[in-house]
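Everything on this sheet refers to the single structure shown next.
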2 protein chains.
Amino acid sequence: MPARIYNFSPGPATLPQEVLAQAARDIVNFQDKGIGLIELSHRSKEFMAVAQETEDLLRELMNIPDNYKVLFLQGGASSQFAMIPMNLLRQGRTATYLNTGTWSKKAVKEAKLFGDVDLAFDSSSTTFDCVPQDNNFHSADGSEYLYFVSNNTIYGTQFRNFPETGTNLICDMSSDILSRELDVSQFALIFAGAQKNMGPAGCAVVIIRDDLLAGCPDSVPTMFRYQTHADKGSMFNTPPCFAIYAIGLVLKWLRDQGGVAAIAELNCKKAALIYDMIDSTEFYRGHAQVSSRSTMNITFNLPSPELEAKFTGEATEQGLDGLKGHRSIGGIRASIYNAFPYEGVEKLVNFMKDFEKQNS
Amino acid sequence: MPARIYNFSPGPATLPQEVLAQAARDIVNFQDKGIGLIELSHRSKEFMAVAQETEDLLRELMNIPDNYKVLFLQGGASSQFAMIPMNLLRQGRTATYLNTGTWSKKAVKEAKLFGDVDLAFDSSSTTFDCVPQDNNFHSADGSEYLYFVSNNTIYGTQFRNFPETGTNLICDMSSDILSRELDVSQFALIFAGAQKNMGPAGCAVVIIRDDLLAGCPDSVPTMFRYQTHADKGSMFNTPPCFAIYAIGLVLKWLRDQGGVAAIAELNCKKAALIYDMIDSTEFYRGHAQVSSRSTMNITFNLPSPELEAKFTGEATEQGLDGLKGHRSIGGIRASIYNAFPYEGVEKLVNFMKDFEKQNS
């Protein structure tokens, strides 16, 4: 194994080393069959088995009920912003959105092309430093669905508890899927881009309750209908084979770590290390309100932009990479998804202590 | 290097061994930076350089004029069937389609959701055994564009010369892009799924003349507008990083082979070897009319379905894999894209000779 940096990138993000090593072998010669993984026909029995295993593992790890379909789609989470209202928001009807950051804002924009949007919560005035607590929002009667983003990568906020609603609950779980236990049956649809907690870029996973498939209007193109992909086990057209394969490897790794419950415990420990450091000093200031803090993306500021630039520069030199915050809030962001190692978090906290000593 | 089978799969298809070996190294440790290729942020300078190099190579190899944008999109060629009329077919207007097989038929279906379709050519009555010759079709006046598929993977037909038209020419070049020289400026839009001649599954390349970008109706979702991706250099959202990287490797390999002109010559030699064999006997019967024969996918039948099953079975045992024809015409299909080695074609022809001797 080569010397590794600690990669705090918000996505594409760090992956388990075992996954990378296995992928490297299979790309050249898959299961000693004299053919590389990415050369396999998607209709070959070898690749069909890979895809099936990936789906089975996700079902097992998330305990997905049988009346939910699991789809592996292309187009990223961003295409889901449009596919959701195309499939589920009938013309002249309303959908409720909770606006907690950049990604929900983009989803609202697409929904407005297809129906009315009821913005039941909006934390834009405080630079998205919080998410709703204890259902402190009111959604419109007769709304087709309630849409929210469980974890906000850019702002470092996360729903501790999911919204309760009498309508279909739809969640963009791109940056915290598989990071903690949850009850899938609470949701009508969960989707997530793979490139944070599940694998490489190039695949979005959609988990959809099967009664929602049939309602799509005839005007929606074939490829943008969930039904199309559900009917063909995500093989209506050539799927993103490598990404599906790599997601499977990550899920196997996750199962070997003890599954979602075990990784959730570790995620809390990792996040607590950094938040405790932030709370122990005035030098570092967390961006998110305490009750909305994310375990996946930890955002904080230093006394000045100059110190922040110095911080990321020196961190990179020490092998702590990708810590620069998103331009919309500046500062520092440590993305510590499932595969980010505990030792890397310890190293960051030690660096934070040293940096404070030398610069305060 | 492991022992390799000869992989005649129609796509995903065989790739150069050097490409697989390089990808295996970079996946674990990209350029010795202590980070795997698929862990790199798409906004990192390392990945931005990869994406730029891929685009530059494609521009160089295809001699793409400056007034064309090159986009790397998700959703496969199948999503293009819808995106093209969504972006380019105004309501109440007509587009002309040449129906030469399964893929054009699917494209016609999507176009009808957005406007009128003028079917100027249709070879379905002869099981798609030919494509138009010398422009022997008549397209409707005032058509927004003329759409065709340059090579039909399933039926083994290919346009020797491209249609001449007074309107915008749009081509699905999924299965023969980069296989022969052409003048991009003849086309308004060329698209191709990567998984035949360019790389792994998970990316579609779109080459679009830039004056076509602005006309998209406001009702089209952000992700399905060409303008969105053109404005952001295919980085509006997280792109399919691994596929873009691997396409770059394949393009470098192609440049090292002498570029498109050199590979075109080799492709003709490879195809001629098999067609000469077919034409030398009554035992093998080519599906495509001689004037419509493809250099990429060679389709033929044996005297009976039983012999065809025996043929593919024995071929597989000898390391000649993926020769079973598509269920719509049965028989045999040899897909011999750019990366398929000449020796593999020789081996197939020798096998065909032996098989005929033993079974006629």
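Residues are referred to by chain and number: the chain letter is A, B, ... according to the order shown in the structure tokens, the number counts from 1 in that chain, and ligands are numbered separately from 1 in the order shown.
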
Alpha helix (DSSP H) per DSSP on the backbone: members of segment 56-231 of chain A, as an MDAnalysis selection string: chainID A and resid 56:62 76:88 102:111 226:231

So that I have them on file, write out the residues from the current selection with N, CA and C atoms, as an mmCIF file, in the first residue's frame.
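Final file, result-v9.cif:
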data_model
loop_
_atom_site.group_PDB
_atom_site.id
_atom_site.type_symbol
_atom_site.label_atom_id
_atom_site.label_comp_id
_atom_site.auth_asym_id
_atom_site.auth_seq_id
_atom_site.Cartn_x
_atom_site.Cartn_y
_atom_site.Cartn_z
ATOM 1 N N ASP A 56 -28.471 -6.488 -3.103
ATOM 2 C CA ASP A 56 -28.747 -7.311 -1.910
ATOM 3 C C ASP A 56 -28.071 -6.741 -0.665
ATOM 4 N N LEU A 57 -26.821 -6.305 -0.841
ATOM 5 C CA LEU A 57 -26.086 -5.754 0.295
ATOM 6 C C LEU A 57 -26.746 -4.476 0.808
ATOM 7 N N LEU A 58 -27.178 -3.629 -0.108
ATOM 8 C CA LEU A 58 -27.823 -2.386 0.322
ATOM 9 C C LEU A 58 -29.124 -2.699 1.058
ATOM 10 N N ARG A 59 -29.878 -3.655 0.531
ATOM 11 C CA ARG A 59 -31.133 -4.059 1.190
ATOM 12 C C ARG A 59 -30.869 -4.580 2.596
ATOM 13 N N GLU A 60 -29.805 -5.375 2.702
ATOM 14 C CA GLU A 60 -29.479 -5.966 4.001
ATOM 15 C C GLU A 60 -29.018 -4.875 4.989
ATOM 16 N N LEU A 61 -28.099 -4.023 4.532
ATOM 17 C CA LEU A 61 -27.513 -3.029 5.445
ATOM 18 C C LEU A 61 -28.538 -1.988 5.891
ATOM 19 N N MET A 62 -29.460 -1.613 4.987
ATOM 20 C CA MET A 62 -30.457 -0.592 5.331
ATOM 21 C C MET A 62 -31.782 -1.212 5.733
ATOM 22 N N GLY A 76 -26.563 11.697 -11.454
ATOM 23 C CA GLY A 76 -26.283 12.325 -10.167
ATOM 24 C C GLY A 76 -27.548 12.675 -9.400
ATOM 25 N N ALA A 77 -27.351 13.082 -8.149
ATOM 26 C CA ALA A 77 -28.481 13.550 -7.353
ATOM 27 C C ALA A 77 -29.152 14.733 -8.056
ATOM 28 N N SER A 78 -28.376 15.516 -8.791
ATOM 29 C CA SER A 78 -28.942 16.705 -9.459
ATOM 30 C C SER A 78 -30.059 16.345 -10.431
ATOM 31 N N SER A 79 -29.970 15.202 -11.092
ATOM 32 C CA SER A 79 -31.056 14.799 -11.988
ATOM 33 C C SER A 79 -32.298 14.399 -11.194
ATOM 34 N N GLN A 80 -32.083 13.918 -9.974
ATOM 35 C CA GLN A 80 -33.228 13.569 -9.123
ATOM 36 C C GLN A 80 -34.045 14.799 -8.748
ATOM 37 N N PHE A 81 -33.382 15.960 -8.661
ATOM 38 C CA PHE A 81 -34.128 17.191 -8.354
ATOM 39 C C PHE A 81 -35.270 17.370 -9.351
ATOM 40 N N ALA A 82 -35.028 16.976 -10.610
ATOM 41 C CA ALA A 82 -36.077 17.091 -11.637
ATOM 42 C C ALA A 82 -36.936 15.829 -11.714
ATOM 43 N N MET A 83 -36.310 14.672 -11.623
ATOM 44 C CA MET A 83 -37.082 13.426 -11.784
ATOM 45 C C MET A 83 -38.167 13.286 -10.719
ATOM 46 N N ILE A 84 -37.900 13.755 -9.518
ATOM 47 C CA ILE A 84 -38.897 13.628 -8.443
ATOM 48 C C ILE A 84 -40.186 14.371 -8.804
ATOM 49 N N PRO A 85 -40.145 15.669 -9.093
ATOM 50 C CA PRO A 85 -41.413 16.299 -9.497
ATOM 51 C C PRO A 85 -41.955 15.788 -10.830
ATOM 52 N N MET A 86 -41.088 15.424 -11.772
ATOM 53 C CA MET A 86 -41.591 14.880 -13.042
ATOM 54 C C MET A 86 -42.448 13.641 -12.799
ATOM 55 N N ASN A 87 -42.025 12.820 -11.864
ATOM 56 C CA ASN A 87 -42.725 11.566 -11.593
ATOM 57 C C ASN A 87 -43.835 11.702 -10.563
ATOM 58 N N LEU A 88 -43.669 12.631 -9.618
ATOM 59 C CA LEU A 88 -44.533 12.585 -8.426
ATOM 60 C C LEU A 88 -45.339 13.849 -8.146
ATOM 61 N N THR A 102 -27.972 24.867 -0.167
ATOM 62 C CA THR A 102 -27.788 24.917 -1.612
ATOM 63 C C THR A 102 -28.558 23.827 -2.345
ATOM 64 N N TRP A 103 -28.513 22.602 -1.811
ATOM 65 C CA TRP A 103 -29.080 21.481 -2.562
ATOM 66 C C TRP A 103 -30.600 21.503 -2.539
ATOM 67 N N SER A 104 -31.189 21.897 -1.409
ATOM 68 C CA SER A 104 -32.655 22.001 -1.392
ATOM 69 C C SER A 104 -33.107 23.145 -2.301
ATOM 70 N N LYS A 105 -32.329 24.226 -2.320
ATOM 71 C CA LYS A 105 -32.661 25.371 -3.183
ATOM 72 C C LYS A 105 -32.700 24.954 -4.649
ATOM 73 N N LYS A 106 -31.713 24.145 -5.040
ATOM 74 C CA LYS A 106 -31.683 23.665 -6.431
ATOM 75 C C LYS A 106 -32.871 22.751 -6.704
ATOM 76 N N ALA A 107 -33.249 21.953 -5.736
ATOM 77 C CA ALA A 107 -34.392 21.049 -5.913
ATOM 78 C C ALA A 107 -35.689 21.849 -6.048
ATOM 79 N N VAL A 108 -35.817 22.910 -5.269
ATOM 80 C CA VAL A 108 -37.017 23.777 -5.340
ATOM 81 C C VAL A 108 -37.158 24.366 -6.739
ATOM 82 N N LYS A 109 -36.043 24.811 -7.290
ATOM 83 C CA LYS A 109 -36.060 25.412 -8.636
ATOM 84 C C LYS A 109 -36.652 24.446 -9.672
ATOM 85 N N GLU A 110 -36.250 23.190 -9.605
ATOM 86 C CA GLU A 110 -36.749 22.202 -10.578
ATOM 87 C C GLU A 110 -38.223 21.884 -10.324
ATOM 88 N N ALA A 111 -38.613 21.782 -9.050
ATOM 89 C CA ALA A 111 -40.009 21.444 -8.725
ATOM 90 C C ALA A 111 -40.960 22.496 -9.275
ATOM 91 N N TYR A 226 -39.207 6.580 -13.218
ATOM 92 C CA TYR A 226 -38.717 5.544 -12.306
ATOM 93 C C TYR A 226 -39.185 4.156 -12.742
ATOM 94 N N GLN A 227 -40.407 4.086 -13.246
ATOM 95 C CA GLN A 227 -40.983 2.804 -13.656
ATOM 96 C C GLN A 227 -40.079 2.082 -14.659
ATOM 97 N N THR A 228 -39.530 2.829 -15.614
ATOM 98 C CA THR A 228 -38.645 2.246 -16.632
ATOM 99 C C THR A 228 -37.523 1.444 -15.992
ATOM 100 N N HIS A 229 -36.884 2.056 -15.022
ATOM 101 C CA HIS A 229 -35.717 1.427 -14.404
ATOM 102 C C HIS A 229 -36.123 0.337 -13.418
ATOM 103 N N ALA A 230 -37.244 0.550 -12.740
ATOM 104 C CA ALA A 230 -37.729 -0.468 -11.793
ATOM 105 C C ALA A 230 -38.108 -1.740 -12.543
ATOM 106 N N ASP A 231 -38.756 -1.587 -13.702
ATOM 107 C CA ASP A 231 -39.193 -2.760 -14.473
ATOM 108 C C ASP A 231 -38.020 -3.604 -14.961
#

Compile a residue-level contact table for chain B against chain A at a cut-off of 6 Å, reporting for every qualifying residue the shortest atom pair and its distance in Å to one decimal, with only C-alpha atoms counted, rows ordered by chain and ascending number, as a Markdown table.
| residue | atom | partner | partner_atom | distance |
| --- | --- | --- | --- | --- |
| B:Ala3 | CA | A:Gly34 | CA | 5.5 |
| B:Arg4 | CA | A:Gly34 | CA | 4.2 |
| B:Ile5 | CA | A:Gly34 | CA | 5.3 |
| B:Gly11 | CA | A:Ser41 | CA | 5.8 |
| B:Pro12 | CA | A:Ser41 | CA | 4.9 |
| B:Ala13 | CA | A:Glu39 | CA | 4.9 |
| B:Thr14 | CA | A:Glu39 | CA | 5.1 |
| B:Leu20 | CA | A:Val28 | CA | 5.3 |
| B:Ala24 | CA | A:Ala24 | CA | 4.1 |
| B:Val28 | CA | A:Leu20 | CA | 5.3 |
| B:Gly34 | CA | A:Arg4 | CA | 4.1 |
| B:Ile38 | CA | A:Pro200 | CA | 5.6 |
| B:Glu39 | CA | A:Ala13 | CA | 4.9 |
| B:Leu40 | CA | A:Pro12 | CA | 5.9 |
| B:Ser41 | CA | A:Pro12 | CA | 4.9 |
| B:Gln74 | CA | A:Gly75 | CA | 4.9 |
| B:Gly75 | CA | A:Gln74 | CA | 4.9 |
| B:Ser79 | CA | A:Met223 | CA | 5.8 |
| B:Pro200 | CA | A:Ile38 | CA | 5.6 |
| B:Ala201 | CA | A:Pro240 | CA | 5.4 |
| B:Gly202 | CA | A:Pro240 | CA | 4.2 |
| B:Met223 | CA | A:Ser79 | CA | 5.8 |
| B:Pro240 | CA | A:Gly202 | CA | 4.2 |

Residues near segment 150-152 of chain A, anyone? I mean within 10 Å using only C-alpha atoms, not counting same-chain ones fewer than 4 positions away, as a ChimeraX atom specification. /A:100-104,128-131,156-163,170-177,190,292-297

Could I get the residues of segment 107-187 of chain A with an atom no further than 9 Å from an atom of segment 261-283 of chain A, each paired with its nearest atom pair and that distance in Å to one decimal, using only C-alpha atoms, sorted by chain and residue number, as a Markdown table?
| residue | atom | partner | partner_atom | distance |
| --- | --- | --- | --- | --- |
| A:Leu178 | CA | A:Ala264 | CA | 8.2 |
| A:Ser179 | CA | A:Ala264 | CA | 5.4 |
| A:Arg180 | CA | A:Ala264 | CA | 4.6 |
| A:Glu181 | CA | A:Ala261 | CA | 6.0 |

Segment 190-257 of chain A: which residues are strand (DSSP E or B) by DSSP, as a ChimeraX atom specification? /A:190-193,204-209

Within 12 Å of Gly313 of chain A, counting only C-alpha atoms, which residues show up once you throw out same-chain ones fewer than 4 positions away? Write them as JSON, numbers by chain, please. {"A": [306, 307, 308, 309, 317, 318, 319, 320, 321, 322, 323, 324, 332, 355]}

For the residues in the current selection, export all heavy atoms as a compact mmCIF listing (two decimals), in the first residue's frame.
# COMPACT_ATOMS: atom_id res chain seq x y z
N GLU A 306 -7.32 35.17 6.65
CA GLU A 306 -5.89 34.95 6.45
C GLU A 306 -5.43 33.73 7.24
O GLU A 306 -4.66 32.89 6.75
CB GLU A 306 -5.08 36.18 6.90
CG GLU A 306 -5.27 37.42 6.03
CD GLU A 306 -6.65 38.06 6.17
OE1 GLU A 306 -7.25 37.94 7.26
OE2 GLU A 306 -7.15 38.64 5.18
N LEU A 307 -5.91 33.63 8.49
CA LEU A 307 -5.55 32.47 9.30
C LEU A 307 -6.15 31.19 8.72
O LEU A 307 -5.53 30.12 8.79
CB LEU A 307 -6.04 32.67 10.75
CG LEU A 307 -5.11 33.48 11.65
CD1 LEU A 307 -5.77 33.75 13.02
CD2 LEU A 307 -3.77 32.75 11.87
N GLU A 308 -7.33 31.31 8.14
CA GLU A 308 -7.95 30.13 7.53
C GLU A 308 -7.11 29.62 6.36
O GLU A 308 -6.91 28.41 6.19
CB GLU A 308 -9.38 30.45 7.09
CG GLU A 308 -10.33 30.58 8.29
CD GLU A 308 -11.67 31.25 7.99
OE1 GLU A 308 -11.82 31.81 6.86
OE2 GLU A 308 -12.54 31.23 8.87
N ALA A 309 -6.61 30.57 5.55
CA ALA A 309 -5.76 30.18 4.42
C ALA A 309 -4.47 29.54 4.91
O ALA A 309 -3.99 28.54 4.36
CB ALA A 309 -5.47 31.39 3.54
N GLU A 317 0.28 20.48 3.88
CA GLU A 317 1.69 20.06 3.99
C GLU A 317 1.86 18.87 4.92
O GLU A 317 2.76 18.06 4.75
CB GLU A 317 2.55 21.21 4.52
CG GLU A 317 2.92 22.22 3.44
CD GLU A 317 3.54 23.48 4.04
OE1 GLU A 317 4.20 23.36 5.10
OE2 GLU A 317 3.36 24.57 3.45
N GLN A 318 0.97 18.77 5.90
CA GLN A 318 1.06 17.65 6.84
C GLN A 318 0.20 16.46 6.41
O GLN A 318 -0.04 15.55 7.20
CB GLN A 318 0.65 18.11 8.24
CG GLN A 318 1.57 19.20 8.76
CD GLN A 318 1.45 19.36 10.28
OE1 GLN A 318 0.99 18.46 10.97
NE2 GLN A 318 1.89 20.51 10.77
N GLY A 319 -0.28 16.48 5.18
CA GLY A 319 -1.04 15.33 4.68
C GLY A 319 -2.51 15.35 5.06
O GLY A 319 -3.19 14.33 5.00
N LEU A 320 -3.01 16.53 5.48
CA LEU A 320 -4.43 16.68 5.80
C LEU A 320 -5.04 17.54 4.69
O LEU A 320 -4.93 18.77 4.70
CB LEU A 320 -4.61 17.37 7.16
CG LEU A 320 -3.94 16.66 8.35
CD1 LEU A 320 -3.89 17.56 9.58
CD2 LEU A 320 -4.66 15.35 8.67
N ASP A 321 -5.66 16.89 3.73
CA ASP A 321 -6.01 17.58 2.49
C ASP A 321 -7.52 17.80 2.33
O ASP A 321 -8.33 17.07 2.90
CB ASP A 321 -5.51 16.76 1.30
CG ASP A 321 -5.32 17.62 0.06
OD1 ASP A 321 -4.85 18.77 0.22
OD2 ASP A 321 -5.66 17.16 -1.05
N GLY A 322 -7.88 18.83 1.57
CA GLY A 322 -9.29 19.04 1.22
C GLY A 322 -10.09 19.73 2.30
O GLY A 322 -11.31 19.60 2.36
N LEU A 323 -9.43 20.52 3.15
CA LEU A 323 -10.11 21.12 4.30
C LEU A 323 -10.71 22.49 4.03
O LEU A 323 -11.41 23.05 4.87
CB LEU A 323 -9.14 21.22 5.49
CG LEU A 323 -8.87 19.90 6.22
CD1 LEU A 323 -7.61 20.00 7.08
CD2 LEU A 323 -10.07 19.54 7.10
N LYS A 324 -10.45 23.04 2.85
CA LYS A 324 -10.97 24.38 2.56
C LYS A 324 -12.49 24.35 2.49
O LYS A 324 -13.07 23.51 1.80
CB LYS A 324 -10.37 24.85 1.23
CG LYS A 324 -10.57 26.32 0.99
CD LYS A 324 -9.88 26.80 -0.27
CE LYS A 324 -10.32 28.24 -0.55
NZ LYS A 324 -10.19 28.60 -1.95
N ILE A 332 -13.34 26.54 7.19
CA ILE A 332 -12.82 25.18 7.10
C ILE A 332 -13.99 24.20 7.08
O ILE A 332 -15.00 24.41 7.74
CB ILE A 332 -11.95 24.86 8.34
CG1 ILE A 332 -10.92 25.98 8.60
CG2 ILE A 332 -11.28 23.49 8.20
CD1 ILE A 332 -9.91 26.19 7.50
N PHE A 355 -1.92 24.46 15.87
CA PHE A 355 -2.10 25.68 15.08
C PHE A 355 -2.61 26.81 15.96
O PHE A 355 -2.17 27.96 15.83
CB PHE A 355 -3.08 25.41 13.93
CG PHE A 355 -3.15 26.53 12.94
CD1 PHE A 355 -2.25 26.59 11.88
CD2 PHE A 355 -4.09 27.56 13.06
CE1 PHE A 355 -2.29 27.64 10.96
CE2 PHE A 355 -4.13 28.61 12.16
CZ PHE A 355 -3.23 28.64 11.10

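Atom pair atom CA of Tyr284 of chain A / atom CA of Phe340 of chain A: separated by 21.8 Å.
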
Skipping near chain neighbours, those fewer than 3 positions away, what residues fall within 8 Å of Asn135 of chain B using only C-alpha atoms, listed as a PyMOL selection string? chain B and resi 132+138+163-164

Could those residues be written to a file, using N, CA, C and O atoms, as a short mmCIF file (atom, residue, chain, number, x, y, z; two decimals), in the first residue's frame?
data_model
loop_
_atom_site.label_atom_id
_atom_site.label_comp_id
_atom_site.auth_asym_id
_atom_site.auth_seq_id
_atom_site.Cartn_x
_atom_site.Cartn_y
_atom_site.Cartn_z
N PRO B 132 -29.86 3.81 -45.72
CA PRO B 132 -30.01 4.51 -47.00
C PRO B 132 -28.69 4.58 -47.78
O PRO B 132 -27.61 4.66 -47.19
N HIS B 138 -36.54 11.01 -48.77
CA HIS B 138 -36.95 12.40 -48.94
C HIS B 138 -37.41 12.93 -47.59
O HIS B 138 -38.30 12.39 -46.97
N PRO B 163 -25.75 11.12 -44.56
CA PRO B 163 -26.82 11.79 -45.31
C PRO B 163 -26.44 13.24 -45.60
O PRO B 163 -25.79 13.90 -44.79
N GLU B 164 -26.88 13.69 -46.78
CA GLU B 164 -26.74 15.12 -47.08
C GLU B 164 -28.09 15.76 -46.84
O GLU B 164 -29.12 15.24 -47.26
#
